[in-house]
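Shown next: data_3.cif, given as mmCIF, C-alpha atoms.
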```
data_start
#
loop_
_atom_site.label_atom_id
_atom_site.label_comp_id
_atom_site.auth_asym_id
_atom_site.auth_seq_id
_atom_site.Cartn_x
_atom_site.Cartn_y
_atom_site.Cartn_z
CA MET A 1 -83.41 -127.09 2.20
CA ILE A 2 -80.06 -126.84 3.99
CA ARG A 3 -79.90 -126.65 7.76
CA LYS A 4 -77.11 -126.73 10.30
CA LEU A 5 -76.98 -129.62 12.68
CA PHE A 6 -74.71 -128.91 15.66
CA GLY A 7 -72.90 -126.27 13.57
CA VAL A 8 -72.58 -128.37 10.40
CA ALA A 9 -74.67 -127.69 7.29
CA ILE A 10 -76.61 -130.70 6.01
CA ALA A 11 -79.59 -131.36 3.79
CA GLY A 12 -82.93 -131.29 5.60
CA ALA A 13 -86.42 -132.65 5.80
CA ALA A 14 -89.34 -131.11 3.98
CA PHE A 15 -90.48 -128.12 6.02
CA ILE A 16 -93.70 -127.03 4.36
CA ALA A 17 -96.84 -125.00 4.71
CA PRO A 18 -99.84 -126.92 6.06
CA SER A 19 -101.60 -126.86 2.69
CA VAL A 20 -98.75 -128.56 0.81
CA ILE A 21 -98.57 -132.32 0.31
CA ALA A 22 -95.75 -133.92 2.32
CA HIS A 23 -92.44 -134.69 0.66
CA ALA A 24 -89.71 -137.01 1.77
CA ALA A 25 -86.61 -135.97 3.60
CA PRO A 26 -83.59 -136.83 1.44
CA ALA A 27 -82.51 -140.40 2.15
CA ALA A 28 -79.01 -139.29 3.23
CA ASP A 29 -80.50 -137.50 6.24
CA TRP A 30 -81.71 -140.72 7.84
CA GLN A 31 -79.13 -142.78 9.68
CA ARG A 32 -80.05 -146.31 10.68
CA VAL A 33 -79.79 -147.41 14.30
CA GLY A 34 -80.85 -151.02 13.78
CA ASP A 35 -82.46 -153.54 11.46
CA GLY A 36 -85.62 -155.52 12.05
CA ILE A 37 -88.74 -155.17 14.14
CA THR A 38 -86.95 -155.13 17.53
CA SER A 39 -84.66 -152.22 16.57
CA GLY A 40 -87.07 -149.30 16.19
CA ILE A 41 -87.03 -146.18 18.38
CA SER A 42 -90.24 -145.25 20.20
CA GLY A 43 -88.88 -142.51 22.48
CA ILE A 44 -85.66 -140.49 22.69
CA VAL A 45 -84.00 -137.89 24.92
CA VAL A 46 -80.76 -135.91 24.71
CA ASP A 47 -78.28 -137.14 27.33
CA GLY A 48 -75.26 -134.94 26.58
CA ARG A 49 -73.05 -133.45 23.92
CA ASP A 50 -69.44 -133.95 22.84
CA GLY A 51 -68.46 -131.38 20.21
CA ASP A 52 -70.64 -131.96 17.16
CA ALA A 53 -71.85 -135.33 18.46
CA VAL A 54 -74.94 -135.66 20.63
CA ASP A 55 -75.48 -138.50 23.08
CA THR A 56 -79.05 -139.72 23.38
CA LEU A 57 -80.98 -142.44 25.16
CA ALA A 58 -83.76 -144.21 23.29
CA VAL A 59 -86.43 -146.70 24.32
CA ARG A 60 -87.69 -149.57 22.20
CA ASP A 61 -91.21 -150.98 22.33
CA ASN A 62 -90.11 -154.58 22.73
CA LYS A 63 -92.27 -157.00 24.66
CA ASN A 64 -90.35 -160.24 25.17
CA PRO A 65 -87.57 -161.25 27.59
CA GLY A 66 -84.12 -160.91 26.07
CA GLU A 67 -85.11 -157.98 23.82
CA SER A 68 -83.56 -154.58 24.53
CA ARG A 69 -85.62 -151.86 26.20
CA LEU A 70 -83.09 -149.03 26.19
CA VAL A 71 -80.10 -148.08 24.05
CA ALA A 72 -77.55 -145.27 24.06
CA VAL A 73 -77.14 -143.64 20.65
CA ARG A 74 -74.35 -141.20 19.77
CA TYR A 75 -75.47 -139.15 16.77
CA GLY A 76 -73.40 -136.70 14.74
CA PRO A 77 -73.10 -135.29 11.23
CA ASP A 78 -69.86 -137.02 10.19
CA ALA A 79 -70.30 -140.67 11.21
CA ALA A 80 -72.89 -143.40 11.45
CA PRO A 81 -74.67 -143.53 14.81
CA ARG A 82 -72.98 -145.56 17.53
CA VAL A 83 -75.57 -147.72 19.28
CA ARG A 84 -74.86 -149.37 22.63
CA PRO A 85 -77.32 -151.51 24.63
CA VAL A 86 -78.21 -150.32 28.14
CA GLN A 87 -78.92 -153.06 30.65
CA TRP A 88 -82.33 -152.84 32.35
CA SER A 89 -82.28 -153.66 36.08
CA GLY A 90 -85.65 -154.06 37.80
CA GLU A 91 -89.24 -154.70 36.73
CA LEU A 92 -89.13 -155.44 33.00
CA PRO A 93 -91.52 -153.19 31.06
CA VAL A 94 -93.61 -154.23 28.09
CA ASP A 95 -93.99 -151.88 25.11
CA LEU A 96 -92.12 -148.72 26.14
CA GLU A 97 -93.33 -145.84 23.96
CA ALA A 98 -91.86 -142.60 25.37
CA LEU A 99 -88.99 -141.19 27.40
CA ASP A 100 -88.03 -137.86 28.98
CA ALA A 101 -85.52 -136.56 31.51
CA VAL A 102 -86.50 -135.58 35.05
CA PRO A 103 -85.68 -131.85 35.34
CA GLY A 104 -83.05 -131.05 37.93
CA ARG A 105 -82.06 -134.68 38.55
CA ASP A 106 -78.95 -135.92 36.79
CA HIS A 107 -79.24 -139.27 35.00
CA GLU A 108 -82.91 -139.70 35.96
CA TYR A 109 -85.63 -140.35 33.39
CA VAL A 110 -89.24 -141.45 33.11
CA ALA A 111 -90.10 -144.07 30.49
CA LEU A 112 -93.76 -144.69 29.66
CA ALA A 113 -95.28 -148.00 28.56
CA SER A 114 -98.28 -148.08 26.25
CA ARG A 115 -100.76 -149.07 28.98
CA GLY A 116 -99.93 -146.04 31.09
CA THR A 117 -97.31 -147.41 33.50
CA ALA A 118 -94.40 -145.03 34.08
CA TYR A 119 -90.92 -146.29 35.01
CA ARG A 120 -88.64 -143.88 36.81
CA ILE A 121 -85.07 -144.94 36.10
CA HIS A 122 -81.52 -143.90 36.93
CA VAL A 123 -79.07 -144.51 34.09
CA GLU A 124 -75.35 -144.73 34.74
CA LYS A 125 -72.43 -146.86 33.53
CA GLY A 126 -74.50 -148.71 30.98
CA THR A 127 -77.28 -149.76 33.35
CA ALA A 128 -80.80 -148.42 33.86
CA ARG A 129 -81.97 -149.10 37.41
CA VAL A 130 -85.71 -148.87 38.09
CA LEU A 131 -86.35 -146.54 41.04
CA ALA A 132 -90.15 -146.74 40.91
CA ALA A 133 -93.03 -147.85 38.72
CA PHE A 134 -96.37 -146.04 38.93
CA GLN A 135 -99.56 -145.56 36.95
CA LEU A 136 -100.43 -142.22 35.38
CA PRO A 137 -103.76 -140.76 36.58
CA GLY A 138 -106.88 -140.96 34.45
CA ILE A 139 -105.64 -143.87 32.34
CA SER A 140 -108.24 -145.51 30.09
CA SER A 141 -108.38 -149.29 29.79
CA ASP A 142 -108.60 -149.00 26.01
CA GLY A 143 -105.98 -146.25 25.70
CA ASN A 144 -102.61 -146.62 24.01
CA TYR A 145 -100.10 -144.13 25.38
CA GLU A 146 -97.29 -143.10 23.05
CA GLY A 147 -96.22 -139.63 24.20
CA PHE A 148 -94.74 -138.33 27.46
CA ALA A 149 -92.88 -135.13 28.37
CA LEU A 150 -91.66 -133.34 31.49
CA THR A 151 -91.01 -129.62 31.81
CA ALA A 152 -89.84 -127.43 34.69
CA ARG A 153 -91.96 -124.38 35.47
CA LYS A 154 -91.72 -121.91 38.32
CA GLU A 155 -94.69 -123.72 39.86
CA GLY A 156 -92.85 -127.03 39.69
CA ILE A 157 -92.54 -129.90 37.25
CA VAL A 158 -95.40 -130.55 34.83
CA ALA A 159 -95.97 -133.82 32.98
CA VAL A 160 -97.79 -134.15 29.66
CA TRP A 161 -98.83 -137.49 28.20
CA ALA A 162 -100.89 -138.65 25.24
CA ASP A 163 -103.18 -141.48 24.26
CA ARG A 164 -102.33 -141.73 20.56
CA GLY A 165 -105.86 -141.96 19.15
CA GLN A 166 -106.64 -143.80 15.94
CA ASP A 167 -108.27 -142.57 12.71
CA ASP A 168 -111.60 -140.95 13.68
CA ARG A 169 -110.76 -141.16 17.40
CA PRO A 170 -108.59 -138.13 18.28
CA ALA A 171 -105.57 -138.29 20.54
CA LYS A 172 -106.07 -137.25 24.14
CA LEU A 173 -103.41 -135.03 25.70
CA THR A 174 -103.33 -134.80 29.50
CA ALA A 175 -101.24 -132.54 31.75
CA ALA A 176 -100.66 -132.40 35.50
CA THR A 177 -98.08 -131.18 37.96
CA TRP A 178 -95.80 -133.96 39.20
CA ASP A 179 -93.85 -134.20 42.43
CA PRO A 180 -90.57 -136.10 41.84
CA ALA A 181 -90.17 -136.66 45.58
CA THR A 182 -93.33 -138.78 45.79
CA ASN A 183 -94.27 -139.44 42.13
CA ALA A 184 -97.68 -137.94 42.95
CA PHE A 185 -99.70 -135.92 40.44
CA GLY A 186 -101.86 -132.86 40.92
CA PRO A 187 -105.26 -132.28 39.28
CA HIS A 188 -105.09 -133.01 35.56
CA ASP A 189 -106.45 -131.23 32.49
CA SER A 190 -107.13 -132.94 29.15
CA ALA A 191 -107.74 -131.90 25.55
CA HIS A 192 -108.16 -133.71 22.23
CA PHE A 193 -105.93 -133.39 19.17
CA SER A 194 -106.52 -134.47 15.58
CA ALA A 195 -103.77 -134.38 12.95
CA PRO A 196 -104.79 -133.11 9.49
CA TYR A 197 -102.06 -135.31 7.95
CA PRO A 198 -101.50 -138.23 7.62
CA ASP A 199 -105.15 -138.99 6.93
CA GLU A 200 -105.18 -142.80 6.76
CA ASP A 201 -104.23 -145.36 9.42
CA VAL A 202 -103.31 -142.35 11.52
CA ARG A 203 -102.02 -142.20 15.07
CA HIS A 204 -102.71 -138.58 15.92
CA VAL A 205 -99.94 -138.33 18.55
CA SER A 206 -96.93 -140.64 18.46
CA ASP A 207 -94.83 -138.42 20.73
CA VAL A 208 -95.03 -135.05 22.48
CA LYS A 209 -92.47 -132.53 23.71
CA VAL A 210 -92.94 -129.26 25.65
CA SER A 211 -90.71 -126.19 25.28
CA ALA A 212 -89.56 -124.10 28.22
CA SER A 213 -92.23 -121.53 27.33
CA GLY A 214 -94.99 -124.13 27.14
CA ASP A 215 -95.25 -124.76 23.39
CA LEU A 216 -96.52 -128.26 22.59
CA THR A 217 -94.93 -130.13 19.67
CA VAL A 218 -96.37 -133.47 18.62
CA SER A 219 -95.52 -136.07 16.00
CA SER A 220 -98.28 -137.83 14.08
CA ALA A 221 -97.84 -140.96 11.97
CA SER A 222 -99.62 -143.41 9.73
CA ASP A 223 -99.23 -147.10 10.53
CA PRO A 224 -100.90 -149.51 8.10
CA GLY A 225 -98.89 -152.49 9.38
CA ASP A 226 -95.42 -153.91 9.93
CA ASP A 227 -94.36 -153.32 6.31
CA GLY A 228 -95.68 -149.77 5.90
CA PRO A 229 -95.69 -147.60 3.90
CA TYR A 230 -95.38 -144.88 6.56
CA ASP A 231 -95.78 -141.12 6.65
CA SER A 232 -95.31 -138.68 9.50
CA ALA A 233 -95.68 -135.02 10.40
CA LEU A 234 -94.73 -132.67 13.23
CA TYR A 235 -97.18 -130.06 14.52
CA ASP A 236 -97.33 -127.02 16.72
CA ALA A 237 -100.25 -128.42 18.70
CA GLY A 238 -100.94 -125.70 21.27
CA ARG A 239 -99.71 -124.58 24.67
CA LEU A 240 -99.28 -125.73 28.24
CA SER A 241 -99.74 -123.25 31.05
CA VAL A 242 -100.13 -123.29 34.82
CA GLY A 243 -103.01 -121.34 36.34
CA ASP A 244 -103.02 -119.13 39.41
CA ASP A 245 -104.26 -122.13 41.36
CA GLY A 246 -101.10 -124.06 40.39
CA HIS A 247 -102.98 -126.49 38.16
CA ALA A 248 -101.78 -127.43 34.68
CA GLN A 249 -103.89 -126.24 31.75
CA LEU A 250 -103.85 -127.30 28.09
CA SER A 251 -104.86 -125.23 25.08
CA VAL A 252 -104.88 -127.37 21.92
CA SER A 253 -105.30 -125.97 18.41
CA GLU A 254 -108.15 -127.17 16.20
CA LYS A 255 -106.09 -126.12 13.13
CA PRO A 256 -102.50 -126.99 14.09
CA HIS A 257 -99.57 -125.57 12.15
CA ARG A 258 -97.46 -128.22 10.46
CA LEU A 259 -93.75 -127.86 11.23
CA ALA A 260 -92.39 -130.72 9.11
CA ALA A 261 -93.39 -133.81 7.16
CA PHE A 262 -91.55 -137.06 6.44
CA SER A 263 -92.51 -139.70 3.91
CA GLY A 264 -91.49 -143.33 4.26
CA HIS A 265 -90.87 -143.26 8.03
CA LYS A 266 -92.99 -143.66 11.16
CA VAL A 267 -91.72 -140.98 13.53
CA GLU A 268 -92.36 -141.98 17.14
CA ALA A 269 -89.67 -140.06 19.02
CA LEU A 270 -88.75 -136.38 19.45
CA ALA A 271 -85.84 -134.79 21.33
CA CYS A 272 -84.56 -131.22 21.49
CA LEU A 273 -81.15 -129.80 22.29
CA PRO A 274 -81.56 -127.48 25.30
CA GLY A 275 -81.98 -123.84 24.29
CA SER A 276 -81.84 -124.67 20.57
CA HIS A 277 -84.12 -124.94 17.55
CA GLU A 278 -82.29 -128.13 16.61
CA GLY A 279 -83.68 -131.53 17.43
CA ILE A 280 -83.61 -135.21 16.59
CA VAL A 281 -86.44 -137.42 15.36
CA GLY A 282 -86.44 -141.19 15.72
CA THR A 283 -88.48 -143.80 13.87
CA ASP A 284 -89.98 -147.17 14.54
CA ASP A 285 -90.34 -148.54 11.02
CA GLU A 286 -91.25 -152.02 12.28
CA ASN A 287 -89.76 -154.66 9.92
CA ASP A 288 -87.47 -152.00 8.45
CA GLY A 289 -85.87 -151.18 11.79
CA GLY A 290 -85.17 -147.73 13.20
CA SER A 291 -83.52 -144.50 12.02
CA VAL A 292 -82.67 -141.03 13.32
CA ALA A 293 -82.47 -137.67 11.57
CA ALA A 294 -81.96 -134.01 12.39
CA ALA A 295 -84.80 -131.49 12.19
CA ASP A 296 -85.28 -127.83 13.15
CA PHE A 297 -88.59 -128.20 14.97
CA CYS A 298 -87.67 -127.17 18.51
CA ARG A 299 -88.76 -123.94 20.17
CA PRO A 300 -86.51 -122.85 23.04
#
```

Show me this structure written as structure tokens.
Amino acid sequence: MIRKLFGVAIAGAAFIAPSVIAHAAPAADWQRVGDGITSGISGIVVDGRDGDAVDTLAVRDNKNPGESRLVAVRYGPDAAPRVRPVQWSGELPVDLEALDAVPGRDHEYVALASRGTAYRIHVEKGTARVLAAFQLPGISSDGNYEGFALTARKEGIVAVWADRGQDDRPAKLTAATWDPATNAFGPHDSAHFSAPYPDEDVRHVSDVKVSASGDLTVSSASDPGDDGPYDSALYDAGRLSVGDDGHAQLSVSEKPHRLAAFSGHKVEALACLPGSHEGIVGTDDENDGGSVAAADFCRP
């Protein structure tokens, strides 16, 4: 299938009906952003655009001192990605798994670590400065949190996060309003999600994004170990809404519609261009490093 990325036609991933077995995206679509287990991408956000090139920020799930936590990646259709390290200033996180921009606040982002600690950061001139670190509400001691998204609604900003689940344990999506002035959350609502595919060694949610209208998109991935093999899928998982009482509400589909499937890669990061169907997926392929590719999964 041929799609247009940022106005340029390129070959695409396998966009298939839910009943069809997944096929690989053509190898030329994937562009490497690093080699080895410390170079994967576990969360990504669009940071700007320069013609056909898109600037992104991406977190890595590294755990040791001296390993990068955040990189800037310029991605476009006519050149290999340009990857630049971003210095981390402040409390050093362990195992960052998700990233999203704070609506209405330039250069501000929230990065989420797997144990449920959120890091609010300001990124400028190659440095990420930690403004605050706080725990998400309702965190489970045995949870592993891999998805986080922020969206602006007329009622305010709403956060959605996800414990990834594992095999017969479904993922748990949670939503709550969030006050960026205090980092406080309102009452939260939760719902469970199970991915029909992959069906072995599955992490039901490896990332989540929310459209302006409240559509929930999640990635799901198999992870049998550091050498793979991996498979991934993207799903229309349901909707986020805000009730008359101002509280966030989740409606999650029991039979989610598959938007895309990717063989040979562990997709852990989703980002959308504002107001566009076009987006970027990022992978953490463990010993095989990280890659990015274009995909038309976004819903403005």

Running the PyMOL selection byres ((chain A and resi 158) around 9) on this model by hand, what would come out? Give it as a list of chain:residue names.
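What the PyMOL selection byres ((chain A and resi 158) around 9) grabs from the file is A:Ala149, A:Leu150, A:Thr151, A:Ala152, A:Arg153, A:Glu155, A:Gly156, A:Ile157, A:Ala159, A:Val160, A:Ala175, A:Ala176, A:Thr177, A:Trp178, A:Asp179, A:Phe185, A:Val242, A:Ala248.
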
Extract, using all atoms listed in the file, all DNA, RNA and protein residues at most 6 Å from range 205-217 of chain A, discarding same-chain residues fewer than 6 positions from it, and format them as a short mmCIF file (atom, residue, chain, number, x, y, z; two decimals) with C-alpha atoms, in the frame of the given file.
```
data_model
loop_
_atom_site.label_atom_id
_atom_site.label_comp_id
_atom_site.auth_asym_id
_atom_site.auth_seq_id
_atom_site.Cartn_x
_atom_site.Cartn_y
_atom_site.Cartn_z
CA GLU A 146 -97.29 -143.10 23.05
CA GLY A 147 -96.22 -139.63 24.20
CA PHE A 148 -94.74 -138.33 27.46
CA ALA A 149 -92.88 -135.13 28.37
CA ARG A 164 -102.33 -141.73 20.56
CA ALA A 171 -105.57 -138.29 20.54
CA TYR A 235 -97.18 -130.06 14.52
CA ASP A 236 -97.33 -127.02 16.72
CA ALA A 237 -100.25 -128.42 18.70
CA GLY A 238 -100.94 -125.70 21.27
CA ARG A 239 -99.71 -124.58 24.67
CA LEU A 240 -99.28 -125.73 28.24
CA GLU A 268 -92.36 -141.98 17.14
CA ALA A 269 -89.67 -140.06 19.02
CA ARG A 299 -88.76 -123.94 20.17
CA PRO A 300 -86.51 -122.85 23.04
#
```

Determine, counting all atoms listed in the file, every residue of protein, DNA or RNA that lies within 10 Å of (-100.2, -139.9, 11.8) in the file coordinates, then give the result as a PDB file with C-alpha atoms, in the frame of the given file.
```pdb
ATOM      1  CA  ARG A 164    -102.330-141.730  20.560  1.00  0.00           C
ATOM      2  CA  GLY A 165    -105.860-141.960  19.150  1.00  0.00           C
ATOM      3  CA  GLN A 166    -106.640-143.800  15.940  1.00  0.00           C
ATOM      4  CA  ASP A 167    -108.270-142.570  12.710  1.00  0.00           C
ATOM      5  CA  SER A 194    -106.520-134.470  15.580  1.00  0.00           C
ATOM      6  CA  ALA A 195    -103.770-134.380  12.950  1.00  0.00           C
ATOM      7  CA  PRO A 196    -104.790-133.110   9.490  1.00  0.00           C
ATOM      8  CA  TYR A 197    -102.060-135.310   7.950  1.00  0.00           C
ATOM      9  CA  PRO A 198    -101.500-138.230   7.620  1.00  0.00           C
ATOM     10  CA  ASP A 199    -105.150-138.990   6.930  1.00  0.00           C
ATOM     11  CA  GLU A 200    -105.180-142.800   6.760  1.00  0.00           C
ATOM     12  CA  ASP A 201    -104.230-145.360   9.420  1.00  0.00           C
ATOM     13  CA  VAL A 202    -103.310-142.350  11.520  1.00  0.00           C
ATOM     14  CA  ARG A 203    -102.020-142.200  15.070  1.00  0.00           C
ATOM     15  CA  HIS A 204    -102.710-138.580  15.920  1.00  0.00           C
ATOM     16  CA  VAL A 205     -99.940-138.330  18.550  1.00  0.00           C
ATOM     17  CA  SER A 206     -96.930-140.640  18.460  1.00  0.00           C
ATOM     18  CA  SER A 219     -95.520-136.070  16.000  1.00  0.00           C
ATOM     19  CA  SER A 220     -98.280-137.830  14.080  1.00  0.00           C
ATOM     20  CA  ALA A 221     -97.840-140.960  11.970  1.00  0.00           C
ATOM     21  CA  SER A 222     -99.620-143.410   9.730  1.00  0.00           C
ATOM     22  CA  ASP A 223     -99.230-147.100  10.530  1.00  0.00           C
ATOM     23  CA  TYR A 230     -95.380-144.880   6.560  1.00  0.00           C
ATOM     24  CA  ASP A 231     -95.780-141.120   6.650  1.00  0.00           C
ATOM     25  CA  SER A 232     -95.310-138.680   9.500  1.00  0.00           C
ATOM     26  CA  ALA A 233     -95.680-135.020  10.400  1.00  0.00           C
ATOM     27  CA  LEU A 234     -94.730-132.670  13.230  1.00  0.00           C
ATOM     28  CA  LYS A 266     -92.990-143.660  11.160  1.00  0.00           C
ATOM     29  CA  VAL A 267     -91.720-140.980  13.530  1.00  0.00           C
ATOM     30  CA  GLU A 268     -92.360-141.980  17.140  1.00  0.00           C
TER      31      GLU A 268
END
```

Long-range neighbours of Pro93 in chain A as a ChimeraX atom specification, 12 Å cut-off, all atoms listed in the file, 5 positions minimum in chain:
/A:59-70,88,111-121,130,132-134

Give the answer as one residue: which of A:Asp245, A:Asp47, A:Glu91, A:Glu254 has the shortest atom-to-atom distance to His107 in chain A, using only C-alpha atoms?
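Ranked by minimum distance to His107 in chain A, first place goes to A:Asp47.
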
Hey, which bits of range 123-232 of chain A sit within 12 Å of range 30-37 of chain A, and for each residue what's the closest pair of atoms and how far apart in Å (one decimal), counting all atoms listed in the file, rows by chain and increasing number, as JSON lines?
```
{"residue": "A:Gly225", "atom": "CA", "partner": "A:Ile37", "partner_atom": "CA", "distance": 11.5}
{"residue": "A:Asp226", "atom": "CA", "partner": "A:Ile37", "partner_atom": "CA", "distance": 8.0}
{"residue": "A:Asp227", "atom": "CA", "partner": "A:Ile37", "partner_atom": "CA", "distance": 9.8}
```

Please determine, counting only C-alpha atoms, which residue among A:Val71, A:Val46, A:Ala58, A:Val281 has the shortest atom-to-atom distance to Val83 in chain A.
A:Val71

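Compared by their closest atoms to Ala261 in chain A, and using all atoms listed in the file, the residues A:Ala295, A:Leu173, A:His277, A:Gly290 rank with A:Ala295 nearest.
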
Would you work out the distance separating CA of Asp55 in chain A from CA of Pro103 in chain A, expressed in Å to one decimal?
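Going from CA of Asp55 in chain A over to CA of Pro103 in chain A, I get 17.3 Å.
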
Translate the PyMOL selection byres ((chain A and resi 81) around 10) into a concrete residue list for this structure, as a list of chain:residue names.
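Applying the PyMOL selection byres ((chain A and resi 81) around 10) to the structure shown produces A:Gln31, A:Arg32, A:Val33, A:Gly34, A:Ala53, A:Val54, A:Asp55, A:Ala72, A:Val73, A:Arg74, A:Tyr75, A:Gly76, A:Pro77, A:Asp78, A:Ala79, A:Ala80, A:Arg82, A:Val83, A:Arg84, A:Ser291, A:Val292.
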
Non-local contacts of Thr174 in chain A (9 Å; all atoms listed in the file; under 5 positions in same chain excluded) as a PyMOL selection string:
chain A and resi 138+159-163+188-192+249-250

Residue nearest Gly282 in chain A - candidates A:Thr56, A:Gln135, A:Ser251, A:Ser140, atoms counted: only C-alpha atoms:
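Selected residue with least distance to Gly282 in chain A: A:Thr56.
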
Work out how far apart CA of Gly43 in chain A and CA of Asp284 in chain A are and give it in Å to one decimal.
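Between CA of Gly43 in chain A and CA of Asp284 in chain A the gap works out to 9.3 Å.
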
For Gly289 in chain A, which residue among A:Gly243, A:Thr38, A:Asp95, A:Pro224 is the nearest when counting all atoms listed in the file?
A:Thr38

As a check of understanding, name the residues that the PyMOL selection byres ((chain A and resi 128) around 7) selects in the supplied structure, as a tab-separated table (two decimals) with C-alpha atoms, in the frame of the given file.
```tsv
chain	number	residue	atom	x	y	z
A	86	VAL	CA	-78.21	-150.32	28.14
A	87	GLN	CA	-78.92	-153.06	30.65
A	88	TRP	CA	-82.33	-152.84	32.35
A	89	SER	CA	-82.28	-153.66	36.08
A	121	ILE	CA	-85.07	-144.94	36.10
A	122	HIS	CA	-81.52	-143.90	36.93
A	123	VAL	CA	-79.07	-144.51	34.09
A	124	GLU	CA	-75.35	-144.73	34.74
A	126	GLY	CA	-74.50	-148.71	30.98
A	127	THR	CA	-77.28	-149.76	33.35
A	129	ARG	CA	-81.97	-149.10	37.41
A	130	VAL	CA	-85.71	-148.87	38.09
```

Nearest-residue call for Pro229 in chain A, choices A:Ala181, A:Val110, A:Asp288, A:Ile41, using all atoms listed in the file
A:Asp288

How far is it from CA of Ile280 in chain A to CA of Gly228 in chain A, in Å with one decimal?
21.7 Å
